Amino acid sequence: MASELILYTTLGCTLCEKAKPEIWPVVEAFDLRLKQVDIADDEQLMQRFATSIPAVGLGDPGDVCLWPFDQARLAEWISERL
């Protein structure tokens, strides 16, 4: 079972900052840790998410929940995968 929710982000991502208030309550509800991954540090992630961050996932970069999402949508997405 996943123990962390990955937030694909990068420096200066204003949408990522807007997403965090939606993410935190869901992370707590599912007893997950939030791990922020800077896509600029990984060429494959940069190609995959350059125009679609913020995105959150449980470890598989091919299966993510893309912004825009709210707490309910994110909780539903996680529930379907845990």
# chains A, B, ... in the order shown; residues from 1 in each chain; ligands from 1

call {"tool": "residues_around", "arguments": {"residues": "stretch 52-65 of chain A", "least_positions_apart": "5", "cutoff": "6 Å", "atoms": "only C-alpha atoms", "output": "tab-separated table (two decimals) with C-alpha atoms, in the first residue's frame"}}
result
chain	number	residue	atom	x	y	z
A	5	LEU	CA	1.44	11.03	-2.17
A	6	ILE	CA	3.82	12.56	-4.68
A	7	LEU	CA	3.31	16.14	-5.79
A	8	TYR	CA	5.01	16.76	-9.11
A	9	THR	CA	6.01	20.42	-8.99
A	16	CYS	CA	1.13	24.05	-7.18

call {"tool": "select_by_dssp", "arguments": {"residues": "chain A", "states": "helix (DSSP H, G or I)", "output": "number ranges by chain"}}
result
A: 14-29, 39-41, 43-49, 71-79

call {"tool": "write_last_selection", "arguments": {"atoms": "C-alpha atoms", "output": "tab-separated table (two decimals), in the first residue's frame"}}
result
chain	number	residue	atom	x	y	z
A	14	THR	CA	1.88	29.12	-8.54
A	15	LEU	CA	-0.75	26.51	-9.39
A	16	CYS	CA	1.13	24.05	-7.18
A	17	GLU	CA	0.77	26.46	-4.28
A	18	LYS	CA	-2.97	26.71	-5.00
A	19	ALA	CA	-3.22	22.91	-5.02
A	20	LYS	CA	-1.61	22.37	-1.60
A	21	PRO	CA	-4.65	23.45	0.48
A	22	GLU	CA	-6.66	20.84	-1.44
A	23	ILE	CA	-3.97	18.18	-0.95
A	24	TRP	CA	-3.16	18.47	2.77
A	25	PRO	CA	-6.55	17.37	4.20
A	26	VAL	CA	-6.61	14.37	1.85
A	27	VAL	CA	-3.05	13.38	2.73
A	28	GLU	CA	-4.02	13.43	6.41
A	29	ALA	CA	-7.28	11.54	5.83
A	39	ILE	CA	10.28	17.81	-12.31
A	40	ALA	CA	13.23	20.01	-13.31
A	41	ASP	CA	15.54	17.44	-11.68
A	43	GLU	CA	14.38	14.86	-17.80
A	44	GLN	CA	11.64	12.22	-18.19
A	45	LEU	CA	9.43	13.91	-15.60
A	46	MET	CA	10.11	17.26	-17.25
A	47	GLN	CA	8.94	15.90	-20.61
A	48	ARG	CA	5.89	14.25	-19.04
A	49	PHE	CA	4.72	17.11	-16.79
A	71	GLN	CA	-10.37	17.54	-2.08
A	72	ALA	CA	-13.32	15.36	-3.08
A	73	ARG	CA	-11.90	14.51	-6.52
A	74	LEU	CA	-8.46	13.78	-5.10
A	75	ALA	CA	-9.89	11.58	-2.33
A	76	GLU	CA	-11.93	9.66	-4.92
A	77	TRP	CA	-8.84	9.21	-7.10
A	78	ILE	CA	-6.79	7.85	-4.17
A	79	SER	CA	-9.63	5.58	-2.99

call {"tool": "atom_distance", "arguments": {"atom1": "atom CA of A:Leu32", "atom2": "atom CA of A:Ser3"}}
result
5.1 Å

call {"tool": "atom_distance", "arguments": {"atom1": "atom CA of A:Asp31", "atom2": "atom CA of A:Thr51"}}
result
29.2 Å

call {"tool": "atom_distance", "arguments": {"atom1": "atom CA of A:Gly12", "atom2": "atom CA of A:Asp70"}}
result
20.9 Å
